[in-house]
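Coordinates as given in work.txt (compact mmCIF, C-alpha atoms and all ligand atoms):
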```txt
# COMPACT_ATOMS: atom_id res chain seq x y z
CA MET A 1 0.00 0.00 0.00
CA SER A 2 2.94 2.34 0.36
CA ASP A 3 3.93 4.33 -2.71
CA ASP A 4 7.56 3.26 -2.69
CA ASN A 5 7.36 0.79 -5.55
CA ASN A 6 8.73 2.77 -8.47
CA ASN A 7 6.95 0.53 -10.95
CA ALA A 8 3.50 1.29 -9.49
CA PRO A 9 1.44 3.94 -11.30
CA LYS A 10 1.55 7.23 -9.37
CA ARG A 11 -1.52 7.48 -7.18
CA GLY A 12 -3.58 10.62 -6.63
CA PHE A 13 -2.69 13.31 -4.10
CA ALA A 14 -5.35 12.39 -1.53
CA THR A 15 -4.38 8.71 -1.73
CA ARG A 16 -0.70 9.53 -1.20
CA ALA A 17 -1.55 11.87 1.69
CA ILE A 18 -3.01 8.81 3.43
CA HIS A 19 -0.80 5.95 2.26
CA ALA A 20 2.58 7.04 0.88
CA GLY A 21 5.58 5.74 2.79
CA TYR A 22 3.74 3.26 4.99
CA ASP A 23 2.52 -0.32 4.62
CA PRO A 24 0.69 -1.66 7.72
CA LEU A 25 1.85 -5.17 6.84
CA ASP A 26 5.43 -4.12 7.62
CA TYR A 27 4.31 -3.35 11.21
CA HIS A 28 2.07 -6.19 12.43
CA GLY A 29 -0.85 -4.77 10.42
CA ALA A 30 -1.00 -1.61 12.52
CA LEU A 31 -3.17 0.84 10.55
CA ASN A 32 -1.18 3.79 11.86
CA PRO A 33 2.62 4.05 11.94
CA PRO A 34 4.14 3.16 15.31
CA VAL A 35 5.64 6.05 17.29
CA PHE A 36 9.28 5.08 17.85
CA LEU A 37 9.97 6.83 21.15
CA THR A 38 13.64 6.02 21.25
CA SER A 39 16.68 8.24 21.17
CA THR A 40 19.17 5.58 20.09
CA PHE A 41 19.28 2.29 18.14
CA ALA A 42 21.13 -0.93 19.06
CA PHE A 43 23.71 -2.44 16.70
CA ASP A 44 23.76 -6.25 16.45
CA ARG A 45 27.57 -6.06 16.51
CA ILE A 46 30.13 -3.28 16.57
CA GLU A 47 30.96 -3.67 12.87
CA THR A 48 27.35 -2.72 11.99
CA GLY A 49 27.67 0.51 13.96
CA ILE A 50 30.95 1.37 12.29
CA GLU A 51 29.47 0.73 8.83
CA ARG A 52 26.37 2.83 9.58
CA PHE A 53 28.52 5.73 10.76
CA LYS A 54 30.56 5.50 7.56
CA GLY A 55 27.32 5.47 5.53
CA GLU A 56 28.22 2.03 4.14
CA ALA A 57 25.24 0.26 5.73
CA GLN A 58 21.58 1.28 5.94
CA GLY A 59 20.01 1.59 9.36
CA TYR A 60 19.25 3.96 12.20
CA ILE A 61 21.88 5.28 14.63
CA TYR A 62 20.39 8.08 16.71
CA SER A 63 17.10 9.97 16.41
CA ARG A 64 18.73 13.35 15.76
CA VAL A 65 19.79 11.87 12.40
CA GLY A 66 16.79 9.67 11.64
CA ASN A 67 13.88 7.84 13.24
CA PRO A 68 11.47 5.32 11.64
CA THR A 69 8.33 7.39 12.39
CA ALA A 70 10.04 10.46 10.92
CA THR A 71 11.04 8.37 7.88
CA VAL A 72 7.39 7.56 7.12
CA LEU A 73 6.58 11.27 7.28
CA GLU A 74 9.61 12.20 5.16
CA THR A 75 8.70 9.66 2.46
CA ARG A 76 5.12 10.96 2.42
CA LEU A 77 6.22 14.61 2.20
CA ALA A 78 8.63 13.88 -0.66
CA SER A 79 5.81 12.14 -2.51
CA LEU A 80 3.35 15.03 -1.97
CA GLU A 81 5.81 17.79 -2.96
CA GLY A 82 7.21 15.80 -5.89
CA GLY A 83 10.73 15.84 -4.40
CA GLU A 84 13.39 13.17 -4.34
CA ALA A 85 13.72 13.27 -0.55
CA ALA A 86 12.54 15.15 2.54
CA LEU A 87 13.75 15.99 6.01
CA ALA A 88 11.32 16.61 8.88
CA THR A 89 12.45 19.15 11.49
CA SER A 90 11.32 20.43 14.88
CA SER A 91 9.92 23.70 13.48
CA GLY A 92 9.74 25.79 10.33
CA MET A 93 12.64 27.91 11.59
CA GLY A 94 14.57 24.65 12.17
CA ALA A 95 14.06 23.81 8.49
CA ILE A 96 15.06 27.27 7.24
CA THR A 97 18.20 27.41 9.39
CA ALA A 98 19.12 23.84 8.34
CA VAL A 99 19.10 25.03 4.72
CA VAL A 100 21.08 28.19 5.51
CA TRP A 101 23.70 26.40 7.61
CA SER A 102 24.20 23.68 5.03
CA LEU A 103 24.32 25.85 1.87
CA LEU A 104 26.09 29.02 2.99
CA LYS A 105 29.34 30.04 4.61
CA ALA A 106 30.91 33.31 5.79
CA GLY A 107 31.15 35.74 2.88
CA ASP A 108 28.07 34.37 1.07
CA GLU A 109 24.94 36.35 0.25
CA ILE A 110 21.22 35.50 0.12
CA ILE A 111 18.89 37.29 -2.28
CA ALA A 112 15.45 37.33 -0.67
CA ASP A 113 12.08 38.66 -1.73
CA ARG A 114 10.98 41.86 0.02
CA THR A 115 8.39 40.38 2.36
CA LEU A 116 9.04 37.36 4.57
CA TYR A 117 7.68 35.90 7.79
CA GLY A 118 9.05 38.00 10.70
CA CYS A 119 11.52 35.46 12.11
CA THR A 120 12.88 34.57 8.64
CA PHE A 121 13.34 38.32 8.08
CA ALA A 122 15.07 38.62 11.48
CA LEU A 123 17.36 35.66 10.73
CA PHE A 124 18.37 37.15 7.36
CA THR A 125 18.59 40.79 8.51
CA HIS A 126 19.86 40.62 12.07
CA GLN A 127 21.44 37.21 12.73
CA ILE A 128 23.37 35.73 9.78
CA GLN A 129 25.53 38.88 9.68
CA ARG A 130 27.12 37.70 12.94
CA PHE A 131 28.44 34.74 10.93
CA GLY A 132 29.73 36.85 8.03
CA MET A 133 26.78 36.27 5.67
CA SER A 134 24.53 38.95 4.18
CA VAL A 135 21.13 39.45 2.58
CA ARG A 136 19.95 41.61 -0.29
CA PHE A 137 16.21 42.20 -0.71
CA VAL A 138 14.93 42.24 -4.27
CA ASP A 139 11.26 42.67 -5.23
CA LEU A 140 10.68 39.29 -6.85
CA THR A 141 7.06 40.07 -7.78
CA ASP A 142 8.73 41.29 -10.98
CA PRO A 143 11.16 38.49 -11.97
CA ALA A 144 13.02 40.94 -14.21
CA ASN A 145 14.40 42.53 -11.02
CA LEU A 146 16.42 39.34 -10.49
CA GLU A 147 18.09 39.45 -13.92
CA GLY A 148 21.59 40.78 -13.38
CA ALA A 149 21.09 41.00 -9.59
CA PHE A 150 23.43 38.10 -8.79
CA ALA A 151 26.82 38.78 -7.27
CA PRO A 152 29.64 36.20 -7.36
CA ASN A 153 28.89 35.43 -3.69
CA THR A 154 25.10 34.97 -4.11
CA LYS A 155 24.51 31.39 -2.99
CA MET A 156 20.76 31.23 -2.50
CA VAL A 157 17.52 32.95 -3.55
CA PHE A 158 14.70 32.72 -1.01
CA THR A 159 11.02 33.55 -1.36
CA GLU A 160 7.56 32.87 -0.04
CA SER A 161 4.48 32.91 -2.29
CA PRO A 162 2.01 34.19 -1.23
CA SER A 163 4.11 36.24 1.16
CA ASN A 164 3.39 36.47 4.86
CA PRO A 165 1.61 38.77 5.73
CA ASN A 166 0.74 40.87 2.66
CA MET A 167 -0.11 38.17 0.08
CA ARG A 168 2.28 39.23 -2.69
CA LEU A 169 2.85 36.45 -5.24
CA VAL A 170 6.09 35.45 -6.92
CA ASP A 171 6.08 33.74 -10.33
CA ILE A 172 8.02 30.68 -9.21
CA ALA A 173 8.60 29.24 -12.71
CA ALA A 174 9.97 32.56 -14.02
CA VAL A 175 12.22 33.13 -10.99
CA ALA A 176 13.41 29.50 -11.06
CA LYS A 177 14.45 29.84 -14.70
CA ILE A 178 16.61 32.89 -13.88
CA CYS A 179 18.12 31.15 -10.83
CA ARG A 180 18.92 28.04 -12.88
CA ALA A 181 20.70 30.10 -15.53
CA ALA A 182 22.76 31.75 -12.77
CA GLY A 183 23.48 28.39 -11.07
CA VAL A 184 21.99 29.61 -7.77
CA PRO A 185 19.49 27.41 -5.88
CA LEU A 186 15.96 28.77 -5.39
CA VAL A 187 14.38 28.05 -2.00
CA VAL A 188 10.59 28.48 -1.72
CA ASP A 189 8.76 28.58 1.61
CA ASN A 190 5.54 26.78 0.66
CA THR A 191 3.89 27.04 4.10
CA TYR A 192 0.94 29.19 2.96
CA CYS A 193 -0.02 26.87 0.09
CA THR A 194 1.03 23.34 1.07
CA PRO A 195 1.79 20.93 -1.82
CA TYR A 196 -1.97 20.51 -2.31
CA LEU A 197 -2.23 24.03 -3.75
CA GLN A 198 1.26 24.65 -5.16
CA ARG A 199 4.32 22.52 -5.94
CA PRO A 200 7.38 24.74 -6.36
CA LEU A 201 9.73 21.85 -7.27
CA GLU A 202 7.57 21.03 -10.29
CA LEU A 203 7.82 24.74 -11.24
CA GLY A 204 11.63 24.55 -11.18
CA ALA A 205 12.56 25.51 -7.60
CA ASP A 206 15.40 23.54 -5.99
CA ILE A 207 14.35 23.40 -2.35
CA VAL A 208 11.00 23.70 -0.58
CA VAL A 209 10.75 24.53 3.11
CA HIS A 210 7.67 24.31 5.30
CA SER A 211 6.41 25.20 8.68
CA MET A 212 4.40 22.00 9.25
CA THR A 213 3.10 23.70 12.40
CA LYS A 214 0.52 25.22 10.06
CA TYR A 215 -1.71 23.51 7.45
CA LEU A 216 0.26 20.25 7.20
CA GLY A 217 -0.23 19.49 10.90
CA GLY A 218 -3.47 21.41 10.72
CA HIS A 219 -4.67 21.23 14.31
CA GLY A 220 -2.53 23.74 16.22
CA ASP A 221 -1.15 21.02 18.49
CA LEU A 222 2.48 20.74 17.36
CA LEU A 223 5.53 22.54 15.98
CA ALA A 224 7.35 21.02 13.01
CA GLY A 225 9.06 21.91 9.75
CA ALA A 226 10.37 20.28 6.60
CA VAL A 227 12.89 20.54 3.78
CA VAL A 228 12.03 18.83 0.48
CA ALA A 229 14.62 18.71 -2.30
CA SER A 230 17.05 16.48 -4.18
CA ARG A 231 18.54 13.65 -2.14
CA GLU A 232 21.88 15.46 -2.21
CA HIS A 233 20.45 18.67 -0.68
CA VAL A 234 18.38 16.79 1.88
CA ASP A 235 21.38 14.67 2.95
CA LEU A 236 23.38 17.87 3.44
CA CYS A 237 20.60 19.45 5.52
CA ARG A 238 20.38 16.29 7.62
CA THR A 239 24.08 15.67 8.20
CA VAL A 240 25.27 19.28 8.43
CA GLY A 241 22.22 21.50 9.07
CA ILE A 242 20.55 19.29 11.69
CA LYS A 243 23.11 16.76 12.88
CA GLU A 244 26.06 19.10 13.39
CA MET A 245 24.56 22.58 13.53
CA ASN A 246 21.04 23.38 14.74
CA GLY A 247 20.00 19.97 16.15
CA ALA A 248 16.39 20.75 15.19
CA CYS A 249 15.24 17.16 14.60
CA ILE A 250 11.54 16.31 14.80
CA SER A 251 10.28 14.18 17.70
CA ALA A 252 8.69 10.86 16.73
CA PHE A 253 5.46 11.89 18.43
CA ASP A 254 5.21 15.13 16.46
CA ALA A 255 6.02 13.20 13.26
CA TYR A 256 3.06 10.93 14.09
CA LEU A 257 0.78 13.92 14.66
CA VAL A 258 1.75 15.47 11.31
CA LEU A 259 1.07 12.12 9.58
CA ARG A 260 -2.37 12.10 11.20
CA GLY A 261 -3.01 15.67 10.04
CA LEU A 262 -1.84 14.94 6.48
CA LYS A 263 -4.56 12.34 5.95
CA THR A 264 -7.18 15.12 5.78
CA LEU A 265 -5.03 17.79 4.12
CA PRO A 266 -6.98 17.93 0.82
CA LEU A 267 -10.35 18.03 2.60
CA ARG A 268 -9.20 20.72 5.00
CA MET A 269 -7.55 22.85 2.29
CA ASP A 270 -10.68 22.78 0.12
CA ARG A 271 -12.71 24.06 3.08
CA HIS A 272 -10.10 26.70 4.07
CA CYS A 273 -10.12 27.94 0.46
CA ALA A 274 -13.92 27.99 0.13
CA ASN A 275 -14.42 29.84 3.43
CA ALA A 276 -11.62 32.33 2.66
CA THR A 277 -12.86 33.07 -0.87
CA ALA A 278 -16.36 33.81 0.39
CA LEU A 279 -15.14 35.87 3.36
CA ALA A 280 -12.65 37.88 1.28
CA ARG A 281 -15.57 39.06 -0.87
CA ASP A 282 -17.70 39.88 2.20
CA ILE A 283 -14.89 41.80 3.87
CA ALA A 284 -14.03 43.69 0.65
CA ALA A 285 -17.69 44.77 0.31
CA HIS A 286 -17.84 46.25 3.84
CA PRO A 287 -17.81 50.08 3.90
CA ALA A 288 -15.27 50.17 6.78
CA VAL A 289 -12.67 48.28 4.73
CA ASP A 290 -10.02 50.03 2.68
CA GLN A 291 -8.01 47.19 1.06
CA VAL A 292 -8.24 43.39 0.99
CA TYR A 293 -5.23 41.33 -0.05
CA PHE A 294 -6.42 37.92 -1.26
CA PRO A 295 -5.22 36.32 -4.50
CA GLY A 296 -8.70 35.04 -5.32
CA LEU A 297 -10.10 38.55 -5.72
CA GLU A 298 -10.03 40.00 -9.24
CA SER A 299 -8.67 43.18 -7.64
CA HIS A 300 -5.47 41.38 -6.55
CA PRO A 301 -2.68 42.56 -8.89
CA GLN A 302 -1.49 38.98 -9.42
CA HIS A 303 -4.88 37.26 -9.67
CA ALA A 304 -3.95 35.82 -13.09
CA LEU A 305 -0.69 34.38 -11.72
CA ALA A 306 -2.57 32.91 -8.75
CA LYS A 307 -4.95 31.12 -11.12
CA ARG A 308 -2.02 29.73 -13.08
CA GLN A 309 0.30 28.81 -10.21
CA MET A 310 -2.05 27.73 -7.43
CA LYS A 311 -4.79 25.09 -7.50
CA ASP A 312 -6.95 27.37 -5.32
CA PHE A 313 -6.39 30.63 -3.46
CA GLY A 314 -5.56 29.45 0.06
CA GLY A 315 -6.97 30.30 3.46
CA MET A 316 -5.10 33.51 4.31
CA ILE A 317 -6.52 37.03 4.01
CA ALA A 318 -4.93 40.36 4.91
CA PHE A 319 -6.81 43.63 5.02
CA GLU A 320 -6.73 47.24 6.16
CA LEU A 321 -9.56 49.31 7.56
CA LYS A 322 -10.27 52.88 6.52
CA GLY A 323 -9.78 53.92 10.15
CA GLY A 324 -6.21 52.52 10.10
CA LEU A 325 -4.54 50.96 13.11
CA GLN A 326 -7.04 52.22 15.70
CA ALA A 327 -10.01 50.79 13.79
CA GLY A 328 -8.03 47.57 13.32
CA ILE A 329 -7.51 47.25 17.06
CA ARG A 330 -11.24 47.88 17.67
CA PHE A 331 -12.05 45.17 15.09
CA MET A 332 -9.68 42.60 16.63
CA ASP A 333 -11.14 43.25 20.08
CA ALA A 334 -14.68 42.97 18.73
CA VAL A 335 -14.52 39.42 17.33
CA GLU A 336 -16.25 36.83 19.49
CA LEU A 337 -15.93 33.50 17.65
CA VAL A 338 -12.62 34.19 15.90
CA THR A 339 -9.56 33.67 18.11
CA ARG A 340 -6.97 36.40 18.67
CA ALA A 341 -3.72 34.44 18.15
CA VAL A 342 -0.68 34.18 15.88
CA SER A 343 0.08 31.10 13.75
CA LEU A 344 -2.14 29.92 10.91
CA GLY A 345 -3.61 26.91 9.16
CA ASP A 346 -5.57 25.63 12.13
CA ALA A 347 -9.19 24.49 12.27
CA GLU A 348 -9.95 27.63 14.29
CA THR A 349 -10.07 31.01 12.51
CA LEU A 350 -7.26 33.18 13.90
CA VAL A 351 -6.77 36.94 13.72
CA GLN A 352 -3.56 38.80 14.54
CA HIS A 353 -1.73 42.08 13.99
CA PRO A 354 1.52 41.56 11.98
CA ALA A 355 3.18 44.92 12.83
CA THR A 356 3.19 44.22 16.58
CA MET A 357 3.16 40.40 16.51
CA THR A 358 4.47 38.06 13.77
CA HIS A 359 6.37 40.83 12.00
CA ALA A 360 7.44 42.92 15.00
CA SER A 361 11.06 42.22 14.03
CA TYR A 362 10.68 44.74 11.17
CA ALA A 363 11.46 48.29 12.29
CA PRO A 364 8.64 50.75 11.43
CA GLU A 365 10.58 52.13 8.44
CA GLU A 366 11.37 48.56 7.33
CA ARG A 367 7.66 47.69 7.37
CA ALA A 368 6.98 50.57 4.99
CA ARG A 369 9.97 49.67 2.79
CA HIS A 370 9.04 45.98 2.70
CA GLY A 371 5.45 46.68 1.74
CA PHE A 372 3.03 46.47 4.65
CA THR A 373 1.39 48.99 6.93
CA ASP A 374 0.86 49.22 10.69
CA GLY A 375 -2.88 48.91 10.07
CA LEU A 376 -2.68 45.52 8.31
CA ILE A 377 -4.75 42.74 9.90
CA ARG A 378 -4.14 39.07 9.11
CA LEU A 379 -6.84 36.42 9.15
CA SER A 380 -6.18 32.69 8.97
CA VAL A 381 -9.57 31.38 7.89
CA GLY A 382 -10.49 28.15 9.62
CA LEU A 383 -12.94 25.33 9.08
CA GLU A 384 -15.98 26.63 10.97
CA ASP A 385 -19.36 27.15 9.30
CA TYR A 386 -19.08 30.03 6.86
CA ALA A 387 -22.32 31.63 8.12
CA ASP A 388 -20.97 31.82 11.68
CA LEU A 389 -17.67 33.30 10.54
CA ARG A 390 -19.49 35.84 8.40
CA THR A 391 -21.75 36.88 11.29
CA ASP A 392 -18.77 37.30 13.63
CA LEU A 393 -16.46 39.13 11.22
CA ILE A 394 -19.05 41.44 9.64
CA GLY A 395 -20.46 42.19 13.11
CA ALA A 396 -16.96 43.06 14.35
CA LEU A 397 -16.38 45.31 11.31
CA ASP A 398 -19.69 47.10 12.03
CA ARG A 399 -18.71 47.60 15.67
CA ALA A 400 -15.17 48.77 14.73
CA ALA A 401 -16.65 51.38 12.37
CA ALA A 402 -19.31 52.62 14.81
C1 LIG A 501 2.91 33.14 11.86
N1 LIG A 501 4.66 31.73 11.07
O1 LIG A 501 2.99 33.72 10.75
P1 LIG A 501 7.67 27.68 12.90
N2 LIG A 501 7.58 30.13 7.36
C2 LIG A 501 6.40 30.80 7.34
C3 LIG A 501 5.73 31.04 8.54
O2 LIG A 501 4.56 31.70 8.49
C4 LIG A 501 6.31 30.62 9.78
C5 LIG A 501 7.53 29.93 9.72
C6 LIG A 501 8.13 29.70 8.51
C7 LIG A 501 3.97 32.16 12.20
C8 LIG A 501 4.29 31.78 13.46
C9 LIG A 501 3.87 32.44 14.69
C10 LIG A 501 5.84 31.26 6.04
C11 LIG A 501 5.66 30.90 11.03
C12 LIG A 501 8.19 29.43 10.99
O3 LIG A 501 6.82 28.58 13.73
O4 LIG A 501 9.12 27.72 13.28
O5 LIG A 501 7.13 26.28 12.76
O6 LIG A 501 7.60 28.25 11.37
O7 LIG A 501 1.96 33.34 12.64
```

Target format C-alpha cells, applied to this file:
Amino acid sequence: MSDDNNNAPKRGFATRAIHAGYDPLDYHGALNPPVFLTSTFAFDRIETGIERFKGEAQGYIYSRVGNPTATVLETRLASLEGGEAALATSSGMGAITAVVWSLLKAGDEIIADRTLYGCTFALFTHQIQRFGMSVRFVDLTDPANLEGAFAPNTKMVFTESPSNPNMRLVDIAAVAKICRAAGVPLVVDNTYCTPYLQRPLELGADIVVHSMTKYLGGHGDLLAGAVVASREHVDLCRTVGIKEMNGACISAFDAYLVLRGLKTLPLRMDRHCANATALARDIAAHPAVDQVYFPGLESHPQHALAKRQMKDFGGMIAFELKGGLQAGIRFMDAVELVTRAVSLGDAETLVQHPATMTHASYAPEERARHGFTDGLIRLSVGLEDYADLRTDLIGALDRAAA
C-alpha cells in the first residue's frame, strides 16, 4: 500500500496523503505508523555501527539523524511535494536554518524577496551577519528585477508565495528559470499553500521549506518543519544542518501527529479555500474596509498568476480598515468566535496584527519599505461554518466602524 514501488502507477494526491511511505503489513498490520519513542538504536555487533557511521550500511543510529516514524513522514512529504527526498524538522525555523547552515558560509549572500515571515526576516537581517553572511532584498514580484542581480557570492535565492503577511505572489517558474541560468538554488517557503495548492519543485525551484506547524499538521497542536529537495540537498541538511549545527530534529510523536493531520489535508484545504474566498468578498464589500489582499479577488494585482500557479487561493486574508490601526484594534477586540492568536492553518479562525506580533522584528521604516502597513490585519480562515464566521467578522467590522 505504500507508494515506494517505483513501478507502481503514481496514485492521486489524496491517496498519497493517506498511504505514501507506509505499509501496515510491515508493522504487524498496525493501521497507523508506530511512534518510535527512542533516542538511540542498538547495533547487532560493533561492525554494523561502524558501517552505519561510515554510511556504508543502511540503518538507524540516533534519532537526531533519523527515526522510523520520521522516515514515514519524510517519504510521504517527498511524494506530496514531488521531491526526491525530505527531512522533517522540529519547526519551520529549524528547516530554514538547516538550509542556511548547510548551503552558505561566511562571505556568502542571500537574495530574498521583500516580504518574509518576521523570524525569517530577522534571521536574514539581524542574525546571519554575525556569521559573516549577508542578505539583499529584491522585489521578486517582478522576476526581471532578479536578472543581473546576482553577485559572485550569491549562494541562495529565497522567497515565499504568497508572502506572509501581505499576500504578494512570486512567479516561481519565471524566478526559477533565472536562478537556474545563474546556477543559484531557489528556495521556496511553501507554508501558505502546502503541496496541495502549489508545488514549487515542479515549477523549477530547488528546495521547498515548510512550517508544518501550520496547514500540514493542521490542528494547532504541534511545531514542526520540513525541507524537500534532491537527495543530495536533503542529505546535506540532515548531516550538516541538523546533525552538526542546529540539532532541530523532529520528535517521533510530532512526526506521528503530522502524519495524522496529512490524511485530511486535501479536505481541509478545500474548506479553508472555500471559506476564505467567500469571506474575502464579504470583507471587501464592507464600507469600513479600505483594502483586501487575497489572490482570489479579481482586484489582486497577481490574480492571473494565482490562477495559473495555485490550484486554489488558500486560506489567508490580509486587510486594512479605513480607520487605520485604531479601527483595526477595535475590530480585533470585537470578534467573538474568531480567536486572537498568531500562527495559521488551524481548524480555528485566527486573527492577529503583523506589525506588533508576527512581523514585529521589522522596524517601522522597514515595514513601509518591505510593503506592509501598521494597520494591516491578518486572518487565517479556519474550518468553521461560513455563516458563523461571516456573522462574527461582519459584526466586528460594524462595531469597529461605529
Ligand atoms: C505566523 N509563522 O505567521 P515555525 N515560514 C512561514 C511562517 O509563516 C512561519 C515559519 C516559517 C507564524 C508563526 C507564529 C511562512 C511561522 C516558521 O513557527 O518555526 O514552525 O515556522 O503566525

List as JSON lines every residue of segment 129-161 of chain A that is in contact with segment 180-189 of chain A, defined as an atom at most 10 Å from one of its atoms (using all atoms listed in the file), together with the nearest atom pair and the distance in Å rounded to one decimal, sorted by chain and then rising number.
```
{"residue": "A:Glu147", "atom": "CA", "partner": "A:Ala182", "partner_atom": "CA", "distance": 9.1}
{"residue": "A:Gly148", "atom": "CA", "partner": "A:Ala182", "partner_atom": "CA", "distance": 9.1}
{"residue": "A:Ala149", "atom": "CA", "partner": "A:Ala182", "partner_atom": "CA", "distance": 9.9}
{"residue": "A:Phe150", "atom": "CA", "partner": "A:Ala182", "partner_atom": "CA", "distance": 7.5}
{"residue": "A:Ala151", "atom": "CA", "partner": "A:Ala182", "partner_atom": "CA", "distance": 9.8}
{"residue": "A:Pro152", "atom": "CA", "partner": "A:Ala182", "partner_atom": "CA", "distance": 9.8}
{"residue": "A:Asn153", "atom": "CA", "partner": "A:Val184", "partner_atom": "CA", "distance": 9.9}
{"residue": "A:Thr154", "atom": "CA", "partner": "A:Val184", "partner_atom": "CA", "distance": 7.2}
{"residue": "A:Lys155", "atom": "CA", "partner": "A:Val184", "partner_atom": "CA", "distance": 5.7}
{"residue": "A:Met156", "atom": "CA", "partner": "A:Pro185", "partner_atom": "CA", "distance": 5.3}
{"residue": "A:Val157", "atom": "CA", "partner": "A:Leu186", "partner_atom": "CA", "distance": 4.8}
{"residue": "A:Phe158", "atom": "CA", "partner": "A:Val187", "partner_atom": "CA", "distance": 4.8}
{"residue": "A:Thr159", "atom": "CA", "partner": "A:Val188", "partner_atom": "CA", "distance": 5.1}
{"residue": "A:Glu160", "atom": "CA", "partner": "A:Asp189", "partner_atom": "CA", "distance": 4.8}
{"residue": "A:Ser161", "atom": "CA", "partner": "A:Asp189", "partner_atom": "CA", "distance": 7.2}
```

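One distance worth recording is that between atom O3 of ligand LIG 501 (chain A) and atom CA of Asp142 of chain A, which is 27.9 Å.
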
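Picture a line from atom CA of Thr391 of chain A to atom CA of Leu337 of chain A; it runs 9.3 Å.
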
Quiz item: What does the distance between atom CA of Phe53 of chain A and atom CA of Gly82 of chain A come to in Å, to one decimal place?
Solution: 28.9 Å

Self-check item: Close residues, Met310 of chain A itself excluded, 10 Å, all atoms listed in the file, min 3 positions apart in chain, as a list in words
Solution: Ser161, Pro162, Cys193, Pro195, Tyr196, Leu197, Gln198, Arg199, Pro200, Pro295, Leu305, Ala306, Lys307, Phe313 and Gly314 of chain A
